[in-house]
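Okay, so here's the structure we're looking at.
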Amino acid sequence: MSRASSEEHELIESGKPRTLAQTLREKPEIPLAVVLFVGLVGGWELAVRLFEIPKIVLPAPSAVALALWNGMQGDFLKHFGITFYETIAGFVLGSATGLVLGALISQFRLLERTLYPYIVAFQTLPKVAIAPIIVIWFGYGVTSKIVITATIAFFPLLANTIVGLRSAPQEQIELMVAFTATRWQVFRLARLPQALPYIFVGLDVAIVLSVIGAIVGEFVGAQAGLGYLILQKNFNMDMAGVFAILIVLSGMGIGLHLLVNAIQRRVVFWMDGSSDRVMGA
Amino acid sequence: MLIEVAGLNKVYRTREGEDIHALSDVSFGVGEGEFVTVVGPSGCGKSTLLKILAGTLRRTSGGVHMRGRPIDGPSRDVGVVFQAPVLLPWRTVLENVMLPIEIQKRDREKFALQAQHFLKLVGLEAFSGKYPNELSGGMQQRVGISRALVHDPALLLMDEPFGALDAMTRESMNLELLRIWNESKKTVLLVTHSIPEAVYLADRVIVMSPRPGRISEIIKVDLPRPRPLEIINSEAFGRHVVAIRKHFQSLSALDA
């Protein structure tokens with residue numbers, strides 16, 4: 001303890017290239033997370049072996065790792081590609097629709113009063129419940145998955161775009177009007193940039209939901225994709241395989257979330273820590 | 001006269017159908033190159049008056065003319081400054097100053113020089129590439145003033161431009177504003193609720209009283225220019241302040 005606290009004082013005089021030890025002390029959550037991870041996985045492995053839990057109930061981490069390795073050599077990539085495509089295409093379709101509709105609704109009160117009840121009604125429908133209908137309408141291929149994903153990605157963008165486009169301070173608008181700005185100029189020069197932090201919150205929520213959307217679609221009926229693969233493995237009692245796919249899926253979700261955040265930091269450079277800006281799905 | 005206001009009325013109708021007289025029979029004129037301040041307690045309609053002059057608010061009745069033409073909407077010949085600097089945080093200082101040029105689709109190259117000139121005038125030429133959140137409140141307001149001047153308007157309208165600043169910054173901004181006014185030869189109409197500020201800056205002070213918003217008196221300030229800050233302590237300055245304050249004391253006596 002005394003050693004750690006004495007070294008904390010040295011930290012103040014930085015400027016020198018930092019050592020591994022320094023980095024660890026600045027971010028104590030890193031070693032803690034590693035310890036937690038090793039503890040959890042180790043405990044899990046131990047428990048499975050000790051209590052001889054059947055592998056169709058809970059596979060050992062080692063078995064999952066092996067299944068992951070084998071899957072990567074095998075057909076994981078192909079199915080990953082399909083699910084990834086469905087996720088991205090659905091995300092683009094749904095969020096673009098939400099963005100455009102949100103922009104229109106925010107600018108025309110009449111449109112809001114007319115459309116919003118329908119949109120809320122649509123949003124309260126569980127998408128899982130309408131997924132079978134969509135599969136019937138659009139078939140068992142990727143199209144139905146893209147449509148299901150789009151219906152899920154749509155709302156976060158719609159809601160955040162509307163709120164964001166109305167977030168410009170009244171004085172800012174008035175000032176631009178006094179400088180003879182047209183309505184379109186006010187929209188382009190003030191409202192839209194002001195809405196960007198909100199829009200990115202919407203994009204972040206939507207991209208994570210899009211992965212769920214694609215999987216839901218594949219559960220309902222598909223011939224390929226990671227969701228389809230999970231069902232296959234489930235039927236074959238290949239629990240280790242199911243867990244391995246879950247790891248791939250969460251990796252995809254995390255990767256896409258980080259990508260959206262990285263783009264946000266570049267585009268909305270004048271704001272920091274804007275990620276806690278409300279408005280979920 | 002650059003601005004002529006005659007028998008101006010503004011009536012707001014509340015949701016209950018009640019009429020509120022924000023401005024009642026307001027008449028005055030502002031000469032070319034003149035510095036006029038409007039002072040009064042909140043609710044006297046001074047901001048309403050300014051918005052009507054800026055063309056962002058419609059009048060109920062009466063005449064408002066600029067160079068003989070009625071003011072029926074925002075004009076390219078007017079620059080405005082509000083209490084909040086309302087700079088766009090994603091634009092650099094220079095880009096913020098250039099906003100009216102962009103909106104009015106004027107020659108950017110030509111006015112970029114003008115923008116640099118005004119930034120220099122307010123002492124911010126070194127900050128033209130910075131973003132607003134890197135600037136203090138006083139500096140941001142100075143950017144706002146440059147933005148209001150960049151398109152070379154005939155009239156500068158200011159609505160409590162230094163109201164959000166601390167007393168020290170406020171004094172130096174007043175001094176600076178007089179210098180800018182002197183160099184740019186603009187006509188300025190500035191709204192404030194500070195009596196000393198109104199006297200210090202103005203050629204004439206329009207004193208307003210509330211319910212209904214109307215002009216109590218127009219006081220000519222015959223203090224010599226240029227005015228150093230110390231003039232605030234002079235007897236002549238004090239006389240003007242007292243003359244204005246008289247109106248508000250009788251008012252609060254009425255209220256009580």
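Letters A, B, ... go to the chains of the structure tokens in the order shown; residues in each chain start at 1; ligands are counted from 1 in the same order.
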Can I get the residues of chain B within 10 Å of chain A, each with the closest pair of atoms and their distance in Å to one decimal, using only C-alpha atoms, sorted chain first then ascending number, as a tab-separated table?
```
residue	atom	partner	partner_atom	distance
B:Lys51	CA	A:Ala178	CA	8.7
B:Leu53	CA	A:Ala178	CA	9.8
B:Ala54	CA	A:Ala178	CA	6.0
B:Gly55	CA	A:Ala178	CA	6.8
B:Thr56	CA	A:Ala178	CA	6.1
B:Leu57	CA	A:Ala178	CA	9.8
B:Gly73	CA	A:Ala178	CA	8.3
B:Pro74	CA	A:Ala178	CA	5.1
B:Ser75	CA	A:Thr180	CA	6.3
B:Arg76	CA	A:Phe179	CA	6.4
B:Asp77	CA	A:Phe179	CA	8.9
B:Val78	CA	A:Phe179	CA	7.5
B:Gly79	CA	A:Phe179	CA	7.0
B:Val80	CA	A:Leu175	CA	7.0
B:Val81	CA	A:Leu175	CA	7.9
B:Phe82	CA	A:Glu171	CA	7.7
B:Gln83	CA	A:Glu171	CA	9.2
B:Ala84	CA	A:Glu171	CA	7.8
B:Pro85	CA	A:Gln172	CA	8.7
B:Val86	CA	A:Gln172	CA	5.5
B:Leu87	CA	A:Gln172	CA	7.8
B:Leu88	CA	A:Ala190	CA	7.4
B:Pro89	CA	A:Trp270	CA	6.3
B:Trp90	CA	A:Trp270	CA	5.8
B:Arg91	CA	A:Trp270	CA	9.0
B:Leu99	CA	A:Met176	CA	8.5
B:Pro100	CA	A:Phe179	CA	5.8
B:Ile101	CA	A:Phe179	CA	9.1
B:Glu102	CA	A:Ala181	CA	9.3
B:Ile103	CA	A:Ala181	CA	5.6
B:Gln104	CA	A:Thr180	CA	7.0
B:Tyr131	CA	A:Trp270	CA	8.1
B:Pro132	CA	A:Trp270	CA	9.2
B:Asn133	CA	A:Trp270	CA	8.0
B:Ala148	CA	A:Phe179	CA	8.7
B:His151	CA	A:Phe179	CA	9.6
```
Could you pull out the alpha helix (DSSP H) residues of stretch 34-167 of chain B from DSSP and send them as a PDB file with N, CA and C atoms, in the first residue's frame?
```pdb
ATOM      1  N   LYS B  46     -38.731  47.394 -23.896  1.00  0.00           N
ATOM      2  CA  LYS B  46     -37.538  47.839 -24.631  1.00  0.00           C
ATOM      3  C   LYS B  46     -37.025  46.766 -25.582  1.00  0.00           C
ATOM      4  N   SER B  47     -37.109  45.497 -25.169  1.00  0.00           N
ATOM      5  CA  SER B  47     -36.690  44.427 -26.082  1.00  0.00           C
ATOM      6  C   SER B  47     -37.665  44.277 -27.240  1.00  0.00           C
ATOM      7  N   THR B  48     -38.950  44.471 -26.939  1.00  0.00           N
ATOM      8  CA  THR B  48     -39.971  44.428 -27.986  1.00  0.00           C
ATOM      9  C   THR B  48     -39.682  45.490 -29.049  1.00  0.00           C
ATOM     10  N   LEU B  49     -39.359  46.687 -28.558  1.00  0.00           N
ATOM     11  CA  LEU B  49     -39.032  47.791 -29.463  1.00  0.00           C
ATOM     12  C   LEU B  49     -37.861  47.410 -30.368  1.00  0.00           C
ATOM     13  N   LEU B  50     -36.845  46.815 -29.765  1.00  0.00           N
ATOM     14  CA  LEU B  50     -35.662  46.455 -30.527  1.00  0.00           C
ATOM     15  C   LEU B  50     -35.980  45.389 -31.584  1.00  0.00           C
ATOM     16  N   LYS B  51     -36.823  44.438 -31.209  1.00  0.00           N
ATOM     17  CA  LYS B  51     -37.181  43.377 -32.158  1.00  0.00           C
ATOM     18  C   LYS B  51     -37.990  43.930 -33.323  1.00  0.00           C
ATOM     19  N   ILE B  52     -38.823  44.905 -33.046  1.00  0.00           N
ATOM     20  CA  ILE B  52     -39.595  45.516 -34.139  1.00  0.00           C
ATOM     21  C   ILE B  52     -38.638  46.247 -35.089  1.00  0.00           C
ATOM     22  N   LEU B  53     -37.650  46.938 -34.508  1.00  0.00           N
ATOM     23  CA  LEU B  53     -36.674  47.631 -35.347  1.00  0.00           C
ATOM     24  C   LEU B  53     -35.831  46.637 -36.141  1.00  0.00           C
ATOM     25  N   ALA B  54     -35.556  45.466 -35.537  1.00  0.00           N
ATOM     26  CA  ALA B  54     -34.768  44.441 -36.235  1.00  0.00           C
ATOM     27  C   ALA B  54     -35.608  43.740 -37.300  1.00  0.00           C
ATOM     28  N   VAL B  93     -13.887  31.387 -34.936  1.00  0.00           N
ATOM     29  CA  VAL B  93     -14.231  32.781 -34.697  1.00  0.00           C
ATOM     30  C   VAL B  93     -14.454  33.516 -36.019  1.00  0.00           C
ATOM     31  N   LEU B  94     -13.543  33.332 -36.954  1.00  0.00           N
ATOM     32  CA  LEU B  94     -13.674  34.018 -38.240  1.00  0.00           C
ATOM     33  C   LEU B  94     -14.931  33.564 -38.980  1.00  0.00           C
ATOM     34  N   GLU B  95     -15.188  32.255 -38.964  1.00  0.00           N
ATOM     35  CA  GLU B  95     -16.379  31.734 -39.647  1.00  0.00           C
ATOM     36  C   GLU B  95     -17.661  32.255 -39.015  1.00  0.00           C
ATOM     37  N   ASN B  96     -17.606  32.454 -37.688  1.00  0.00           N
ATOM     38  CA  ASN B  96     -18.766  33.030 -37.011  1.00  0.00           C
ATOM     39  C   ASN B  96     -18.994  34.474 -37.436  1.00  0.00           C
ATOM     40  N   VAL B  97     -17.906  35.211 -37.521  1.00  0.00           N
ATOM     41  CA  VAL B  97     -18.040  36.615 -37.924  1.00  0.00           C
ATOM     42  C   VAL B  97     -18.576  36.709 -39.355  1.00  0.00           C
ATOM     43  N   LEU B  99     -20.731  34.886 -40.743  1.00  0.00           N
ATOM     44  CA  LEU B  99     -22.077  34.323 -40.902  1.00  0.00           C
ATOM     45  C   LEU B  99     -23.041  35.237 -41.679  1.00  0.00           C
ATOM     46  N   PRO B 100     -23.139  36.530 -41.335  1.00  0.00           N
ATOM     47  CA  PRO B 100     -24.061  37.390 -42.113  1.00  0.00           C
ATOM     48  C   PRO B 100     -23.679  37.467 -43.589  1.00  0.00           C
ATOM     49  N   ILE B 101     -22.393  37.421 -43.883  1.00  0.00           N
ATOM     50  CA  ILE B 101     -21.937  37.473 -45.280  1.00  0.00           C
ATOM     51  C   ILE B 101     -22.428  36.245 -46.031  1.00  0.00           C
ATOM     52  N   GLU B 102     -22.328  35.096 -45.340  1.00  0.00           N
ATOM     53  CA  GLU B 102     -22.767  33.846 -45.946  1.00  0.00           C
ATOM     54  C   GLU B 102     -24.280  33.858 -46.153  1.00  0.00           C
ATOM     55  N   ILE B 103     -25.013  34.308 -45.130  1.00  0.00           N
ATOM     56  CA  ILE B 103     -26.470  34.344 -45.219  1.00  0.00           C
ATOM     57  C   ILE B 103     -26.915  35.283 -46.337  1.00  0.00           C
ATOM     58  N   ARG B 108     -17.426  36.855 -50.443  1.00  0.00           N
ATOM     59  CA  ARG B 108     -16.714  36.371 -49.261  1.00  0.00           C
ATOM     60  C   ARG B 108     -15.299  36.896 -49.155  1.00  0.00           C
ATOM     61  N   GLU B 109     -14.627  36.922 -50.289  1.00  0.00           N
ATOM     62  CA  GLU B 109     -13.224  37.351 -50.247  1.00  0.00           C
ATOM     63  C   GLU B 109     -13.091  38.777 -49.758  1.00  0.00           C
ATOM     64  N   LYS B 110     -13.952  39.625 -50.280  1.00  0.00           N
ATOM     65  CA  LYS B 110     -13.908  41.029 -49.925  1.00  0.00           C
ATOM     66  C   LYS B 110     -14.216  41.216 -48.438  1.00  0.00           C
ATOM     67  N   PHE B 111     -15.254  40.503 -47.967  1.00  0.00           N
ATOM     68  CA  PHE B 111     -15.676  40.723 -46.590  1.00  0.00           C
ATOM     69  C   PHE B 111     -14.818  39.977 -45.577  1.00  0.00           C
ATOM     70  N   ALA B 112     -14.036  39.005 -46.043  1.00  0.00           N
ATOM     71  CA  ALA B 112     -13.114  38.343 -45.125  1.00  0.00           C
ATOM     72  C   ALA B 112     -12.112  39.364 -44.584  1.00  0.00           C
ATOM     73  N   LEU B 113     -11.721  40.283 -45.432  1.00  0.00           N
ATOM     74  CA  LEU B 113     -10.814  41.355 -44.997  1.00  0.00           C
ATOM     75  C   LEU B 113     -11.500  42.237 -43.958  1.00  0.00           C
ATOM     76  N   GLN B 114     -12.774  42.526 -44.244  1.00  0.00           N
ATOM     77  CA  GLN B 114     -13.574  43.320 -43.323  1.00  0.00           C
ATOM     78  C   GLN B 114     -13.689  42.610 -41.964  1.00  0.00           C
ATOM     79  N   ALA B 115     -13.909  41.287 -42.021  1.00  0.00           N
ATOM     80  CA  ALA B 115     -14.024  40.508 -40.789  1.00  0.00           C
ATOM     81  C   ALA B 115     -12.727  40.592 -39.986  1.00  0.00           C
ATOM     82  N   GLN B 116     -11.612  40.439 -40.687  1.00  0.00           N
ATOM     83  CA  GLN B 116     -10.310  40.539 -40.015  1.00  0.00           C
ATOM     84  C   GLN B 116     -10.133  41.916 -39.387  1.00  0.00           C
ATOM     85  N   HIS B 117     -10.600  42.927 -40.111  1.00  0.00           N
ATOM     86  CA  HIS B 117     -10.484  44.294 -39.621  1.00  0.00           C
ATOM     87  C   HIS B 117     -11.241  44.467 -38.306  1.00  0.00           C
ATOM     88  N   PHE B 118     -12.476  43.954 -38.244  1.00  0.00           N
ATOM     89  CA  PHE B 118     -13.265  44.128 -37.027  1.00  0.00           C
ATOM     90  C   PHE B 118     -12.725  43.274 -35.886  1.00  0.00           C
ATOM     91  N   LEU B 119     -12.203  42.083 -36.229  1.00  0.00           N
ATOM     92  CA  LEU B 119     -11.602  41.256 -35.181  1.00  0.00           C
ATOM     93  C   LEU B 119     -10.397  41.968 -34.580  1.00  0.00           C
ATOM     94  N   LYS B 120      -9.690  42.676 -35.428  1.00  0.00           N
ATOM     95  CA  LYS B 120      -8.541  43.438 -34.957  1.00  0.00           C
ATOM     96  C   LYS B 120      -9.008  44.587 -34.078  1.00  0.00           C
ATOM     97  N   LEU B 121     -10.108  45.202 -34.504  1.00  0.00           N
ATOM     98  CA  LEU B 121     -10.661  46.331 -33.762  1.00  0.00           C
ATOM     99  C   LEU B 121     -11.069  45.921 -32.342  1.00  0.00           C
ATOM    100  N   GLY B 137     -16.295  34.694 -21.877  1.00  0.00           N
ATOM    101  CA  GLY B 137     -17.585  35.306 -22.200  1.00  0.00           C
ATOM    102  C   GLY B 137     -17.440  36.673 -22.850  1.00  0.00           C
ATOM    103  N   GLY B 138     -16.531  37.473 -22.318  1.00  0.00           N
ATOM    104  CA  GLY B 138     -16.311  38.807 -22.878  1.00  0.00           C
ATOM    105  C   GLY B 138     -15.767  38.739 -24.297  1.00  0.00           C
ATOM    106  N   MET B 139     -14.855  37.785 -24.520  1.00  0.00           N
ATOM    107  CA  MET B 139     -14.291  37.632 -25.864  1.00  0.00           C
ATOM    108  C   MET B 139     -15.371  37.165 -26.842  1.00  0.00           C
ATOM    109  N   GLN B 140     -16.226  36.259 -26.385  1.00  0.00           N
ATOM    110  CA  GLN B 140     -17.297  35.774 -27.260  1.00  0.00           C
ATOM    111  C   GLN B 140     -18.215  36.920 -27.664  1.00  0.00           C
ATOM    112  N   GLN B 141     -18.513  37.798 -26.703  1.00  0.00           N
ATOM    113  CA  GLN B 141     -19.401  38.911 -27.027  1.00  0.00           C
ATOM    114  C   GLN B 141     -18.728  39.864 -28.014  1.00  0.00           C
ATOM    115  N   ARG B 142     -17.396  39.976 -27.914  1.00  0.00           N
ATOM    116  CA  ARG B 142     -16.688  40.823 -28.867  1.00  0.00           C
ATOM    117  C   ARG B 142     -16.739  40.228 -30.269  1.00  0.00           C
ATOM    118  N   VAL B 143     -16.714  38.894 -30.345  1.00  0.00           N
ATOM    119  CA  VAL B 143     -16.905  38.231 -31.641  1.00  0.00           C
ATOM    120  C   VAL B 143     -18.302  38.556 -32.167  1.00  0.00           C
ATOM    121  N   GLY B 144     -19.279  38.526 -31.248  1.00  0.00           N
ATOM    122  CA  GLY B 144     -20.661  38.847 -31.623  1.00  0.00           C
ATOM    123  C   GLY B 144     -20.787  40.256 -32.183  1.00  0.00           C
ATOM    124  N   ILE B 145     -20.040  41.188 -31.604  1.00  0.00           N
ATOM    125  CA  ILE B 145     -20.077  42.569 -32.091  1.00  0.00           C
ATOM    126  C   ILE B 145     -19.444  42.660 -33.489  1.00  0.00           C
ATOM    127  N   SER B 146     -18.328  41.951 -33.658  1.00  0.00           N
ATOM    128  CA  SER B 146     -17.700  41.926 -34.990  1.00  0.00           C
ATOM    129  C   SER B 146     -18.651  41.360 -36.030  1.00  0.00           C
ATOM    130  N   ARG B 147     -19.379  40.312 -35.636  1.00  0.00           N
ATOM    131  CA  ARG B 147     -20.331  39.681 -36.551  1.00  0.00           C
ATOM    132  C   ARG B 147     -21.442  40.659 -36.933  1.00  0.00           C
ATOM    133  N   ALA B 148     -21.852  41.504 -35.965  1.00  0.00           N
ATOM    134  CA  ALA B 148     -22.931  42.448 -36.243  1.00  0.00           C
ATOM    135  C   ALA B 148     -22.468  43.582 -37.152  1.00  0.00           C
ATOM    136  N   LEU B 149     -21.149  43.786 -37.208  1.00  0.00           N
ATOM    137  CA  LEU B 149     -20.634  44.921 -37.980  1.00  0.00           C
ATOM    138  C   LEU B 149     -20.108  44.519 -39.352  1.00  0.00           C
ATOM    139  N   ALA B 167     -18.925  42.881 -13.730  1.00  0.00           N
ATOM    140  CA  ALA B 167     -18.854  44.346 -13.725  1.00  0.00           C
ATOM    141  C   ALA B 167     -17.565  44.880 -14.358  1.00  0.00           C
TER     142      ALA B 167
END
```
I'd like to know which residues of stretch 4-102 of chain B are strand (DSSP E or B) (by DSSP, run on the backbone); could you write them as a ChimeraX atom specification?
/B:4-13,19-30,35-39,61-66,69-70,78-81
To one decimal place in Å, what is the distance between atom CA of B:Leu223 and atom CA of B:Ala6?
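That distance, rounded to one decimal, is 27.6 Å.
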Can you pull out every residue within 6 Å of stretch 235-246 of chain A, counting only C-alpha atoms, but drop anything in the same chain fewer than 5 positions away, and send it as JSON, numbers by chain?
{"A": [56, 59, 63, 64, 67, 68, 230]}
### Task
Report the distance between atom CA of B:Pro226 and atom CA of B:Val36 in Å, rounded to one decimal place.
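Atom-to-atom, atom CA of B:Pro226 and atom CA of B:Val36 are spaced 15.8 Å apart.
For the residues B:Ser234, B:Ser216, B:Thr169, B:Ser136, ranking by smallest atom-to-atom distance to B:Pro196 using only C-alpha atoms places B:Ser234 first.
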Any chance you could tabulate, as JSON lines, the residues of stretch 30-83 of chain B at most 6 Å from stretch 198-205 of chain B with each one's nearest atom pair and distance in Å to one decimal, using only C-alpha atoms, in chain and rising number order?
```
{"residue": "B:Phe35", "atom": "CA", "partner": "B:Ala202", "partner_atom": "CA", "distance": 5.1}
{"residue": "B:Val36", "atom": "CA", "partner": "B:Arg204", "partner_atom": "CA", "distance": 5.1}
{"residue": "B:Thr37", "atom": "CA", "partner": "B:Val205", "partner_atom": "CA", "distance": 4.9}
{"residue": "B:Val38", "atom": "CA", "partner": "B:Val205", "partner_atom": "CA", "distance": 5.8}
```
File of the preceding selection, C-alpha atoms, as an mmCIF file, in the first residue's frame:
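Output saved as again07.cif:
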```
data_model
loop_
_atom_site.group_PDB
_atom_site.id
_atom_site.type_symbol
_atom_site.label_atom_id
_atom_site.label_comp_id
_atom_site.auth_asym_id
_atom_site.auth_seq_id
_atom_site.Cartn_x
_atom_site.Cartn_y
_atom_site.Cartn_z
ATOM 1 C CA PHE B 35 -25.633 56.609 -30.134
ATOM 2 C CA VAL B 36 -28.994 56.191 -28.430
ATOM 3 C CA THR B 37 -29.640 54.019 -25.393
ATOM 4 C CA VAL B 38 -32.987 52.769 -24.150
#
```
Any idea what's packed within 7 Å of stretch 93-106 of chain A, counting only C-alpha atoms, ignoring anything in its chain fewer than 6 positions away? Could you give it as a PyMOL selection string?
chain A and resi 112+150-151+153-155+157-159+161-162+165-166
Of A:Ala33, A:Val201, A:Ile136, A:Leu125, the one nearest to A:Val260 when counting only C-alpha atoms is A:Val201
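Using only C-alpha atoms for every distance, the candidate list A:Met72, A:Leu111, A:Val216, A:Val57 yields A:Val216 as the residue closest to A:Ile130.
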